[in-house]
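S.K.: Pasting in a structure now, in structure tokens, and then I'll have a few things to ask.
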Amino acid sequence: MKEQKSNSTRRWSQLLRRRSSVSGVTLVEVLGVLAIVGILMAIVAPGWVAYAEGRSLSAAQDAVLQNLRLAQSEAKRTRGIWQMSARSTSQGVELAVHPASASVHLADWQPLDPTVRLDTDETTVQRDRTQGIYQVQFNATGRVNGSLGKITLTTGQGQKRRCIVISTLLGVIRKAADEACL
């Protein structure tokens, strides 16, 4: 009986040793996997950042376009002069649609993505220099009331650009990107 007990104990300890030597990973293997993951992240990260910037700019461009069209349609609907205003604050770009006769301070300002900035060098629509507000007005027929131009958006690094061009007095509004915004 004692011999049987020692045999089973021996087999059990051999089984445990065999399992412990087979299961688990070594430190070298873990470091190898971490190095591969790090290299892959270094390759993928710049592309992901560029993709995210492009999406933010496109969403902001769409918001500006929608606000311009809202101002245009409200001008036609109410048979009055409406404007879309844009300003740059410490939190980012903000937009508002309101009657031209209303105070911009009382307007309902809506923020864009905080990573998006107004490119003040390339934005050419009418600007109220005292308040730093860019504005596009539409008259009762939906036509541009004042100067034509573009609103240019960029990210903090300024490599990508998106713009909205107000190109005719009839109120034609179109989108453009990158070099077309210069």
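Here's how to read the names in the structure tokens: chain A, B, ... by the order shown, residue numbers from 1 in each chain, ligand numbers from 1 in the order shown.
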Counting only C-alpha atoms, what are the residues of region 137-173 of chain A within 12 Å of region 106-116 of chain A, and for each of them which pair of atoms is the nearest and at what distance in Å, to one decimal? Sort the table by chain and rising number, as a tab-separated table.

M.R.:
```
residue	atom	partner	partner_atom	distance
A:Thr152	CA	A:Val116	CA	10.3
A:Leu153	CA	A:Val116	CA	6.6
A:Thr154	CA	A:Val116	CA	5.7
A:Thr155	CA	A:Val116	CA	4.7
A:Gly156	CA	A:Thr115	CA	6.3
A:Gln157	CA	A:Thr115	CA	9.6
A:Gly158	CA	A:Val116	CA	9.4
A:Gln159	CA	A:Val116	CA	11.8
A:Lys160	CA	A:Val116	CA	10.4
A:Arg161	CA	A:Val116	CA	9.8
A:Arg162	CA	A:Val116	CA	10.1
A:Cys163	CA	A:Val116	CA	11.9
```

S.K.: What is the CA of Val165 (chain A) to CA of Gly149 (chain A) distance in Å?

M.R.: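 CA of Gly149 (chain A) lies at a distance of 6.0 Å from CA of Val165 (chain A).
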
S.K.: Would you give me, as number ranges by chain, the residues in region 8-121 of chain A that DSSP reads as strand (DSSP E)?

M.R.: A: 82-89, 92-99, 110-111, 116-118

S.K.: In Å, how far is it from CA of Val97 (chain A) to CA of Gln83 (chain A)?

M.R.: 5.8 Å
